[in-house]
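Notes follow the structure.
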Amino acid sequence: MPRVKSFNEEEVLTKAMCLFWKQGYSATFFQDLVYHLGINRASLYDTFGDKKELSNSINVALSLLS
């Protein structure tokens with residue numbers, strides 16, 4: 001049985017977006033995301049994939065707002 005996520009995906013996307021804006025996409029390492037978002041690496045990969053897929057998820061979320 002899969003584990004229940006203990007984080008809000010929208011909050012994670014918002015925090016990741018802010019980190020990308022602050023540090024720049026290229027200067028943000030996956031470990032920076034793990035630390036800043038407060039979730040473990042496996043959960044981040046399982047939910048969003050790699051850094052590029054996370055960025056794509058942010059872009060999709062932003063496009064739904066407009």
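Chain labels run A, B, ... following the order of the structure tokens; each chain numbers its residues from 1, and ligands are numbered from 1 in the order shown.
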
**OP:** Show which residues sit within 9 Å of stretch 9-22 of chain A, as an NGL selection string. Count only C-alpha atoms, and ignore same-chain residues fewer than 3 positions away.
**Re:** :A and (5 or 25-28 or 32-33 or 36-39 or 47 or 54-55 or 57-58 or 61)

**OP:** Please report, as JSON, numbers by chain, each residue of chain A to which DSSP assigns alpha helix (DSSP H) when run on this structure's backbone.
**Re:** {"A": [9, 10, 11, 12, 13, 14, 15, 16, 17, 18, 19, 20, 21, 22, 23, 30, 31, 32, 33, 34, 35, 36, 37, 41, 42, 43, 44, 45, 46, 47, 48, 51, 52, 53, 54, 55, 56, 57, 58, 59, 60, 61, 62, 63, 64, 65]}

Subject >> Coordinates-based distance that separates atom CA of A:Asp50 from atom CA of A:Leu65 (Å, one decimal) >> reply: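 Interatomic distance here is 23.1 Å.
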
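Between atom CA of A:Phe48 and atom CA of A:Phe29 there is a distance of 14.8 Å.
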